[in-house]
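*Asks:* Sending over start-v6.txt (compact mmCIF, N, CA and C atoms).
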```txt
# COMPACT_ATOMS: atom_id res chain seq x y z
N MET U 1 0.81 -1.18 0.00
CA MET U 1 0.00 0.00 0.00
C MET U 1 0.87 1.26 0.00
N ARG U 2 1.97 1.23 0.75
CA ARG U 2 2.88 2.37 0.80
C ARG U 2 3.46 2.67 -0.57
N LYS U 3 3.81 1.60 -1.28
CA LYS U 3 4.41 1.81 -2.60
C LYS U 3 3.43 2.46 -3.56
N ILE U 4 2.17 2.09 -3.47
CA ILE U 4 1.15 2.66 -4.36
C ILE U 4 0.95 4.14 -4.04
N ILE U 5 0.89 4.49 -2.75
CA ILE U 5 0.72 5.90 -2.35
C ILE U 5 1.95 6.71 -2.77
N PHE U 6 3.14 6.15 -2.55
CA PHE U 6 4.37 6.84 -2.93
C PHE U 6 4.42 7.05 -4.44
N PHE U 7 4.10 6.01 -5.20
CA PHE U 7 4.11 6.11 -6.66
C PHE U 7 3.07 7.13 -7.15
N THR U 8 1.88 7.14 -6.55
CA THR U 8 0.82 8.09 -6.93
C THR U 8 1.24 9.52 -6.60
N ALA U 9 1.83 9.73 -5.45
CA ALA U 9 2.28 11.06 -5.05
C ALA U 9 3.39 11.56 -5.97
N LEU U 10 4.34 10.72 -6.28
CA LEU U 10 5.44 11.09 -7.16
C LEU U 10 4.94 11.44 -8.57
N THR U 11 4.04 10.62 -9.08
CA THR U 11 3.46 10.88 -10.40
C THR U 11 2.67 12.19 -10.40
N SER U 12 1.93 12.44 -9.34
CA SER U 12 1.15 13.69 -9.23
C SER U 12 2.07 14.90 -9.23
N PHE U 13 3.16 14.83 -8.46
CA PHE U 13 4.10 15.95 -8.42
C PHE U 13 4.75 16.19 -9.78
N LEU U 14 5.08 15.13 -10.49
CA LEU U 14 5.67 15.30 -11.82
C LEU U 14 4.69 15.93 -12.81
N ILE U 15 3.43 15.48 -12.76
CA ILE U 15 2.42 16.03 -13.66
C ILE U 15 2.15 17.50 -13.33
N ILE U 16 2.01 17.82 -12.06
CA ILE U 16 1.78 19.21 -11.65
C ILE U 16 2.98 20.09 -12.00
N GLY U 17 4.18 19.59 -11.76
CA GLY U 17 5.39 20.35 -12.10
C GLY U 17 5.50 20.63 -13.59
N THR U 18 5.16 19.66 -14.40
CA THR U 18 5.19 19.85 -15.86
C THR U 18 4.14 20.87 -16.28
N ALA U 19 2.97 20.82 -15.67
CA ALA U 19 1.91 21.78 -16.01
C ALA U 19 2.33 23.20 -15.64
N TYR U 20 2.97 23.40 -14.49
CA TYR U 20 3.43 24.72 -14.10
C TYR U 20 4.54 25.22 -15.02
N ALA U 21 5.41 24.35 -15.44
CA ALA U 21 6.49 24.77 -16.35
C ALA U 21 5.92 25.24 -17.68
N LYS U 22 4.89 24.57 -18.19
CA LYS U 22 4.26 25.00 -19.43
C LYS U 22 3.54 26.33 -19.25
N ALA U 23 2.93 26.53 -18.07
CA ALA U 23 2.20 27.77 -17.81
C ALA U 23 3.15 28.95 -17.70
N GLN U 24 4.37 28.72 -17.25
CA GLN U 24 5.33 29.80 -17.09
C GLN U 24 6.05 30.14 -18.38
N LYS U 25 5.95 29.30 -19.37
CA LYS U 25 6.62 29.58 -20.63
C LYS U 25 5.94 30.77 -21.30
N SER U 26 6.71 31.75 -21.65
CA SER U 26 6.17 32.98 -22.21
C SER U 26 5.83 32.81 -23.68
N THR U 27 4.79 33.48 -24.12
CA THR U 27 4.44 33.45 -25.54
C THR U 27 5.33 34.39 -26.33
N ASP U 28 6.13 35.21 -25.65
CA ASP U 28 7.04 36.13 -26.33
C ASP U 28 8.32 35.45 -26.78
N ASP U 29 8.41 34.13 -26.65
CA ASP U 29 9.59 33.41 -27.10
C ASP U 29 9.62 33.25 -28.61
N LYS U 30 8.58 33.69 -29.28
CA LYS U 30 8.49 33.59 -30.72
C LYS U 30 9.50 34.53 -31.39
N ILE U 31 10.15 34.05 -32.42
CA ILE U 31 11.07 34.89 -33.17
C ILE U 31 10.26 35.80 -34.06
N ARG U 32 10.48 37.09 -33.92
CA ARG U 32 9.75 38.08 -34.71
C ARG U 32 10.57 38.45 -35.94
N LYS U 33 9.90 38.48 -37.07
CA LYS U 33 10.54 38.82 -38.33
C LYS U 33 10.19 40.25 -38.69
N VAL U 34 11.23 41.06 -38.90
CA VAL U 34 11.05 42.48 -39.22
C VAL U 34 11.54 42.70 -40.65
N LEU U 35 10.66 43.21 -41.49
CA LEU U 35 10.95 43.46 -42.90
C LEU U 35 11.42 44.90 -43.06
N TYR U 36 12.60 45.09 -43.63
CA TYR U 36 13.17 46.42 -43.87
C TYR U 36 13.16 46.71 -45.36
N PHE U 37 12.64 47.87 -45.70
CA PHE U 37 12.68 48.34 -47.08
C PHE U 37 13.94 49.16 -47.28
N ASN U 38 14.35 49.36 -48.53
CA ASN U 38 15.46 50.25 -48.83
C ASN U 38 15.08 51.65 -48.40
N PRO U 39 16.02 52.39 -47.79
CA PRO U 39 15.67 53.74 -47.34
C PRO U 39 15.50 54.70 -48.52
N GLU U 40 14.56 55.61 -48.34
CA GLU U 40 14.42 56.71 -49.29
C GLU U 40 15.54 57.69 -48.99
N VAL U 41 16.34 58.03 -49.99
CA VAL U 41 17.51 58.89 -49.80
C VAL U 41 17.19 60.27 -50.37
N GLU U 42 17.45 61.29 -49.56
CA GLU U 42 17.23 62.67 -49.98
C GLU U 42 18.52 63.44 -49.75
N PRO U 43 19.08 64.10 -50.68
CA PRO U 43 18.63 64.40 -52.03
C PRO U 43 18.75 63.16 -52.92
N ASP U 44 17.91 63.13 -53.94
CA ASP U 44 17.79 61.97 -54.83
C ASP U 44 18.95 61.96 -55.82
N ILE U 45 20.13 61.55 -55.34
CA ILE U 45 21.34 61.45 -56.17
C ILE U 45 21.72 59.98 -56.23
N GLU U 46 21.81 59.45 -57.43
CA GLU U 46 22.03 58.01 -57.62
C GLU U 46 23.34 57.53 -57.01
N GLU U 47 24.37 58.36 -57.00
CA GLU U 47 25.70 57.95 -56.50
C GLU U 47 25.73 57.68 -55.00
N ILE U 48 24.82 58.27 -54.25
CA ILE U 48 24.86 58.08 -52.79
C ILE U 48 23.87 57.02 -52.30
N LYS U 49 23.03 56.50 -53.19
CA LYS U 49 22.02 55.52 -52.75
C LYS U 49 22.64 54.19 -52.34
N GLU U 50 23.53 53.65 -53.14
CA GLU U 50 24.12 52.35 -52.81
C GLU U 50 24.96 52.40 -51.53
N PRO U 51 25.86 53.41 -51.35
CA PRO U 51 26.60 53.46 -50.08
C PRO U 51 25.68 53.69 -48.87
N THR U 52 24.60 54.45 -49.08
CA THR U 52 23.65 54.68 -47.99
C THR U 52 22.95 53.38 -47.61
N ASN U 53 22.50 52.62 -48.60
CA ASN U 53 21.86 51.33 -48.33
C ASN U 53 22.81 50.39 -47.60
N TYR U 54 24.05 50.35 -48.06
CA TYR U 54 25.06 49.48 -47.43
C TYR U 54 25.27 49.87 -45.97
N ALA U 55 25.46 51.17 -45.72
CA ALA U 55 25.69 51.64 -44.35
C ALA U 55 24.46 51.41 -43.47
N PHE U 56 23.29 51.66 -44.03
CA PHE U 56 22.05 51.48 -43.26
C PHE U 56 21.86 50.03 -42.85
N PHE U 57 21.98 49.10 -43.79
CA PHE U 57 21.74 47.70 -43.47
C PHE U 57 22.86 47.10 -42.62
N ASN U 58 24.08 47.61 -42.73
CA ASN U 58 25.15 47.18 -41.82
C ASN U 58 24.81 47.58 -40.39
N ALA U 59 24.35 48.81 -40.22
CA ALA U 59 24.00 49.29 -38.88
C ALA U 59 22.81 48.51 -38.31
N VAL U 60 21.82 48.25 -39.14
CA VAL U 60 20.64 47.52 -38.67
C VAL U 60 21.00 46.09 -38.28
N SER U 61 21.75 45.39 -39.13
CA SER U 61 22.09 44.00 -38.82
C SER U 61 23.01 43.91 -37.61
N GLU U 62 23.91 44.87 -37.46
CA GLU U 62 24.79 44.88 -36.29
C GLU U 62 23.98 45.13 -35.02
N ASN U 63 23.02 46.02 -35.10
CA ASN U 63 22.19 46.33 -33.94
C ASN U 63 21.26 45.17 -33.59
N LEU U 64 20.72 44.49 -34.59
CA LEU U 64 19.81 43.37 -34.33
C LEU U 64 20.51 42.10 -33.89
N SER U 65 21.82 42.02 -34.09
CA SER U 65 22.54 40.80 -33.70
C SER U 65 22.50 40.58 -32.20
N GLY U 66 22.29 41.63 -31.42
CA GLY U 66 22.19 41.49 -29.97
C GLY U 66 20.84 40.98 -29.50
N TYR U 67 19.84 41.05 -30.36
CA TYR U 67 18.50 40.60 -30.03
C TYR U 67 18.26 39.25 -30.71
N HIS U 68 18.22 38.20 -29.93
CA HIS U 68 18.11 36.86 -30.50
C HIS U 68 16.68 36.52 -30.91
N ARG U 69 15.73 37.34 -30.54
CA ARG U 69 14.34 37.06 -30.84
C ARG U 69 13.83 37.85 -32.05
N ASN U 70 14.70 38.54 -32.76
CA ASN U 70 14.31 39.29 -33.95
C ASN U 70 15.14 38.82 -35.14
N LYS U 71 14.48 38.71 -36.26
CA LYS U 71 15.15 38.30 -37.49
C LYS U 71 14.91 39.39 -38.53
N MET U 72 15.98 39.82 -39.19
CA MET U 72 15.87 40.88 -40.18
C MET U 72 15.62 40.29 -41.56
N LEU U 73 14.61 40.81 -42.23
CA LEU U 73 14.33 40.48 -43.61
C LEU U 73 14.53 41.75 -44.42
N LYS U 74 15.17 41.63 -45.56
CA LYS U 74 15.48 42.81 -46.37
C LYS U 74 14.82 42.67 -47.73
N THR U 75 14.22 43.75 -48.19
CA THR U 75 13.67 43.79 -49.53
C THR U 75 14.33 44.93 -50.29
N GLU U 76 14.53 44.72 -51.56
CA GLU U 76 15.19 45.73 -52.39
C GLU U 76 14.21 46.79 -52.90
N THR U 77 13.05 46.84 -52.32
CA THR U 77 12.02 47.78 -52.74
C THR U 77 12.12 49.06 -51.92
N GLN U 78 11.90 50.18 -52.57
CA GLN U 78 11.88 51.46 -51.87
C GLN U 78 10.45 51.98 -51.90
N ILE U 79 9.93 52.32 -50.73
CA ILE U 79 8.58 52.87 -50.61
C ILE U 79 8.70 54.33 -50.22
N PRO U 80 7.92 55.22 -50.85
CA PRO U 80 7.97 56.64 -50.47
C PRO U 80 7.61 56.80 -49.00
N PHE U 81 8.45 57.52 -48.27
CA PHE U 81 8.30 57.65 -46.82
C PHE U 81 7.04 58.42 -46.43
N ASP U 82 6.68 59.42 -47.19
CA ASP U 82 5.56 60.29 -46.82
C ASP U 82 4.21 59.81 -47.31
N SER U 83 4.19 58.88 -48.26
CA SER U 83 2.91 58.38 -48.77
C SER U 83 2.94 56.85 -48.80
N ILE U 84 2.67 56.27 -47.64
CA ILE U 84 2.75 54.82 -47.49
C ILE U 84 1.34 54.24 -47.55
N ASP U 85 1.16 53.24 -48.40
CA ASP U 85 -0.12 52.58 -48.56
C ASP U 85 -0.22 51.40 -47.60
N LYS U 86 -1.29 51.36 -46.83
CA LYS U 86 -1.50 50.31 -45.83
C LYS U 86 -1.56 48.93 -46.49
N GLN U 87 -2.22 48.83 -47.63
CA GLN U 87 -2.37 47.54 -48.31
C GLN U 87 -1.03 47.03 -48.84
N THR U 88 -0.17 47.94 -49.31
CA THR U 88 1.15 47.54 -49.80
C THR U 88 1.99 46.94 -48.68
N ILE U 89 1.99 47.59 -47.53
CA ILE U 89 2.74 47.07 -46.37
C ILE U 89 2.20 45.70 -45.97
N SER U 90 0.88 45.58 -45.92
CA SER U 90 0.25 44.32 -45.55
C SER U 90 0.62 43.21 -46.53
N ASP U 91 0.60 43.51 -47.83
CA ASP U 91 0.96 42.51 -48.84
C ASP U 91 2.40 42.06 -48.71
N TYR U 92 3.32 43.02 -48.53
CA TYR U 92 4.74 42.66 -48.37
C TYR U 92 4.95 41.81 -47.12
N CYS U 93 4.29 42.15 -46.02
CA CYS U 93 4.44 41.36 -44.79
C CYS U 93 3.89 39.96 -44.97
N MET U 94 2.74 39.85 -45.64
CA MET U 94 2.14 38.54 -45.86
C MET U 94 3.03 37.68 -46.77
N ASN U 95 3.55 38.26 -47.85
CA ASN U 95 4.38 37.50 -48.79
C ASN U 95 5.73 37.10 -48.22
N ASN U 96 6.24 37.87 -47.25
CA ASN U 96 7.54 37.57 -46.65
C ASN U 96 7.41 36.95 -45.27
N ASP U 97 6.18 36.67 -44.83
CA ASP U 97 5.92 36.09 -43.51
C ASP U 97 6.56 36.93 -42.40
N ALA U 98 6.36 38.25 -42.50
CA ALA U 98 6.95 39.19 -41.54
C ALA U 98 5.90 39.64 -40.52
N ASP U 99 6.37 39.92 -39.30
CA ASP U 99 5.49 40.41 -38.25
C ASP U 99 5.40 41.93 -38.25
N PHE U 100 6.49 42.59 -38.68
CA PHE U 100 6.55 44.04 -38.70
C PHE U 100 7.26 44.49 -39.97
N ALA U 101 7.06 45.76 -40.32
CA ALA U 101 7.75 46.35 -41.46
C ALA U 101 8.29 47.72 -41.05
N VAL U 102 9.50 48.02 -41.51
CA VAL U 102 10.13 49.31 -41.24
C VAL U 102 10.38 50.02 -42.56
N VAL U 103 9.88 51.26 -42.64
CA VAL U 103 10.10 52.10 -43.82
C VAL U 103 11.04 53.22 -43.40
N PRO U 104 12.29 53.23 -43.89
CA PRO U 104 13.26 54.24 -43.47
C PRO U 104 13.43 55.37 -44.50
N LYS U 105 14.01 56.46 -44.01
CA LYS U 105 14.36 57.60 -44.85
C LYS U 105 15.66 58.18 -44.32
N VAL U 106 16.59 58.49 -45.22
CA VAL U 106 17.86 59.11 -44.86
C VAL U 106 17.94 60.43 -45.59
N LYS U 107 18.10 61.51 -44.83
CA LYS U 107 18.15 62.84 -45.41
C LYS U 107 19.50 63.48 -45.07
N TYR U 108 20.23 63.87 -46.12
CA TYR U 108 21.53 64.50 -45.95
C TYR U 108 21.40 66.01 -46.02
N PHE U 109 22.15 66.71 -45.17
CA PHE U 109 22.25 68.16 -45.20
C PHE U 109 23.72 68.52 -45.29
N LYS U 110 24.02 69.59 -45.99
CA LYS U 110 25.38 70.13 -45.99
C LYS U 110 25.33 71.45 -45.26
N VAL U 111 26.18 71.57 -44.25
CA VAL U 111 26.23 72.78 -43.45
C VAL U 111 27.53 73.48 -43.77
N GLY U 112 27.45 74.68 -44.29
CA GLY U 112 28.66 75.42 -44.62
C GLY U 112 28.35 76.57 -45.55
N LEU U 113 29.42 77.19 -46.04
CA LEU U 113 29.30 78.34 -46.93
C LEU U 113 29.95 78.01 -48.27
N GLY U 114 29.16 78.07 -49.35
CA GLY U 114 29.69 77.84 -50.69
C GLY U 114 30.31 76.48 -50.84
N LYS U 115 31.58 76.47 -51.29
CA LYS U 115 32.26 75.19 -51.49
C LYS U 115 32.90 74.65 -50.22
N TYR U 116 32.88 75.43 -49.13
CA TYR U 116 33.46 74.99 -47.86
C TYR U 116 32.37 74.35 -47.01
N VAL U 117 32.48 73.05 -46.83
CA VAL U 117 31.50 72.31 -46.03
C VAL U 117 32.12 72.04 -44.67
N PHE U 118 31.46 72.53 -43.63
CA PHE U 118 31.97 72.36 -42.27
C PHE U 118 31.58 71.02 -41.66
N SER U 119 30.41 70.55 -41.99
CA SER U 119 29.99 69.25 -41.46
C SER U 119 28.88 68.69 -42.34
N ASN U 120 28.71 67.41 -42.27
CA ASN U 120 27.59 66.75 -42.94
C ASN U 120 26.63 66.30 -41.86
N GLN U 121 25.40 66.69 -42.01
CA GLN U 121 24.37 66.32 -41.05
C GLN U 121 23.43 65.33 -41.73
N VAL U 122 23.09 64.27 -41.01
CA VAL U 122 22.22 63.24 -41.54
C VAL U 122 21.08 63.03 -40.55
N VAL U 123 19.86 62.98 -41.08
CA VAL U 123 18.70 62.65 -40.26
C VAL U 123 18.15 61.32 -40.77
N VAL U 124 18.09 60.33 -39.89
CA VAL U 124 17.54 59.02 -40.23
C VAL U 124 16.17 58.92 -39.57
N SER U 125 15.15 58.69 -40.39
CA SER U 125 13.78 58.55 -39.90
C SER U 125 13.27 57.15 -40.25
N MET U 126 12.49 56.58 -39.36
CA MET U 126 11.92 55.26 -39.62
C MET U 126 10.50 55.20 -39.10
N LYS U 127 9.66 54.51 -39.86
CA LYS U 127 8.28 54.26 -39.46
C LYS U 127 8.10 52.75 -39.31
N LEU U 128 7.43 52.35 -38.23
CA LEU U 128 7.20 50.94 -37.94
C LEU U 128 5.72 50.63 -38.15
N TYR U 129 5.46 49.53 -38.87
CA TYR U 129 4.10 49.07 -39.15
C TYR U 129 3.97 47.62 -38.73
N ASP U 130 2.75 47.22 -38.35
CA ASP U 130 2.52 45.81 -38.06
C ASP U 130 2.19 45.06 -39.34
N ALA U 131 1.95 43.77 -39.24
CA ALA U 131 1.73 42.94 -40.42
C ALA U 131 0.45 43.29 -41.17
N GLU U 132 -0.49 43.93 -40.51
CA GLU U 132 -1.73 44.34 -41.17
C GLU U 132 -1.60 45.71 -41.85
N GLY U 133 -0.45 46.36 -41.70
CA GLY U 133 -0.24 47.67 -42.31
C GLY U 133 -0.62 48.83 -41.42
N ASN U 134 -0.89 48.56 -40.15
CA ASN U 134 -1.24 49.62 -39.21
C ASN U 134 0.01 50.32 -38.70
N PHE U 135 -0.02 51.64 -38.70
CA PHE U 135 1.11 52.44 -38.22
C PHE U 135 1.26 52.27 -36.72
N ILE U 136 2.49 52.01 -36.26
CA ILE U 136 2.74 51.82 -34.83
C ILE U 136 3.47 53.02 -34.25
N THR U 137 4.65 53.34 -34.83
CA THR U 137 5.44 54.44 -34.29
C THR U 137 6.40 54.98 -35.34
N GLU U 138 6.93 56.15 -35.05
CA GLU U 138 7.92 56.79 -35.92
C GLU U 138 9.05 57.30 -35.05
N SER U 139 10.27 57.23 -35.59
CA SER U 139 11.43 57.67 -34.85
C SER U 139 12.38 58.41 -35.78
N ASP U 140 13.03 59.45 -35.25
CA ASP U 140 14.04 60.22 -35.99
C ASP U 140 15.33 60.24 -35.19
N TYR U 141 16.44 60.21 -35.90
CA TYR U 141 17.74 60.36 -35.26
C TYR U 141 18.55 61.36 -36.06
N ASP U 142 18.99 62.41 -35.39
CA ASP U 142 19.76 63.47 -36.02
C ASP U 142 21.21 63.31 -35.60
N THR U 143 22.12 63.24 -36.57
CA THR U 143 23.54 63.03 -36.26
C THR U 143 24.26 64.32 -35.91
N TYR U 144 23.56 65.45 -35.99
CA TYR U 144 24.21 66.72 -35.66
C TYR U 144 24.51 66.77 -34.17
N PRO U 145 25.77 67.06 -33.79
CA PRO U 145 26.15 67.02 -32.37
C PRO U 145 25.50 68.05 -31.51
```
If you convert what's in this file into structure tokens, what do you get?
*Replies:*
Amino acid sequence: MRKIIFFTALTSFLIIGTAYAKAQKSTDDKIRKVLYFNPEVEPDIEEIKEPTNYAFFNAVSENLSGYHRNKMLKTETQIPFDSIDKQTISDYCMNNDADFAVVPKVKYFKVGLGKYVFSNQVVVSMKLYDAEGNFITESDYDTYP
């Protein structure tokens, strides 16, 4: 009789312990896929677009490498920053199985007089959308000290 009670108690503790472990597992353990579009570059000069894209995606991938729960997806498509269509974002997210989409813009300024440029100022703006194309947030970063 003792063995049956001991076996029943041990089995009950194992089943309850397993149930609690499953209940404590967070649903945020899912890897989120973020789709990045090519940044809109202003001024629209063809010679600076490729180096800007290279620098932008290097910075993004380096920054995301510290977050193990995010995966970067890159598309070679450029979407106008100021006129974003909700359906277009939704279609791109659905086709790429992405959870979020980021639409970036890089704007260059030259600060100086005539041919003498004292500094180059860059403003990087990004808009974040969910998979349904709903706007979530916008962020700007100005490199001017």
*Asks:* I want to know what sits within 5 Å of Lys33 in chain U, based on only N, CA and C atoms, with residues of the same chain fewer than 4 positions away left out; could you give that as a PyMOL selection string?
*Replies:* chain U and resi 71+98-100
*Asks:* Report the distance between atom C of Asp91 in chain U and CA of Phe135 in chain U in Å, rounded to one decimal place.
*Replies:* 14.8 Å
*Asks:* List the spatial neighbours of Asn38 in chain U as a VMD selection string - criterion: any atom at most 6 Å away, all atoms listed in the file, same-chain residues fewer than 5 positions off excluded.
*Replies:* chain U and resid 75 to 79 104
*Asks:* Report the distance between atom N of Met94 in chain U and atom N of Glu132 in chain U in Å, rounded to one decimal place.
*Replies:*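 Rounded to one decimal, the two atoms are 7.3 Å apart.
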*Asks:* Can you tell me how far atom C of Thr143 in chain U sits from atom N of Arg69 in chain U, in Å to one decimal?
*Replies:*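 Computing it gives 28.8 Å between the two atoms.
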*Asks:* List every residue of range 50-112 of chain U that DSSP, applied to the backbone, labels as helix (DSSP H, G or I), and write the result as a PyMOL selection string.
*Replies:* chain U and resi 50-64+86-96
*Asks:* Between U:Asn70, U:Asn95, U:Asn120, U:Gln87, which has the minimum distance to Arg32 in chain U (counting all atoms listed in the file)?
*Replies:*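 Distance minimum relative to Arg32 in chain U lands on U:Asn70.
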*Asks:* Which is closest to Lys107 in chain U among U:Val122, U:Cys93, U:Ala59, U:Val34, if we use only C-alpha atoms?
*Replies:* U:Val122
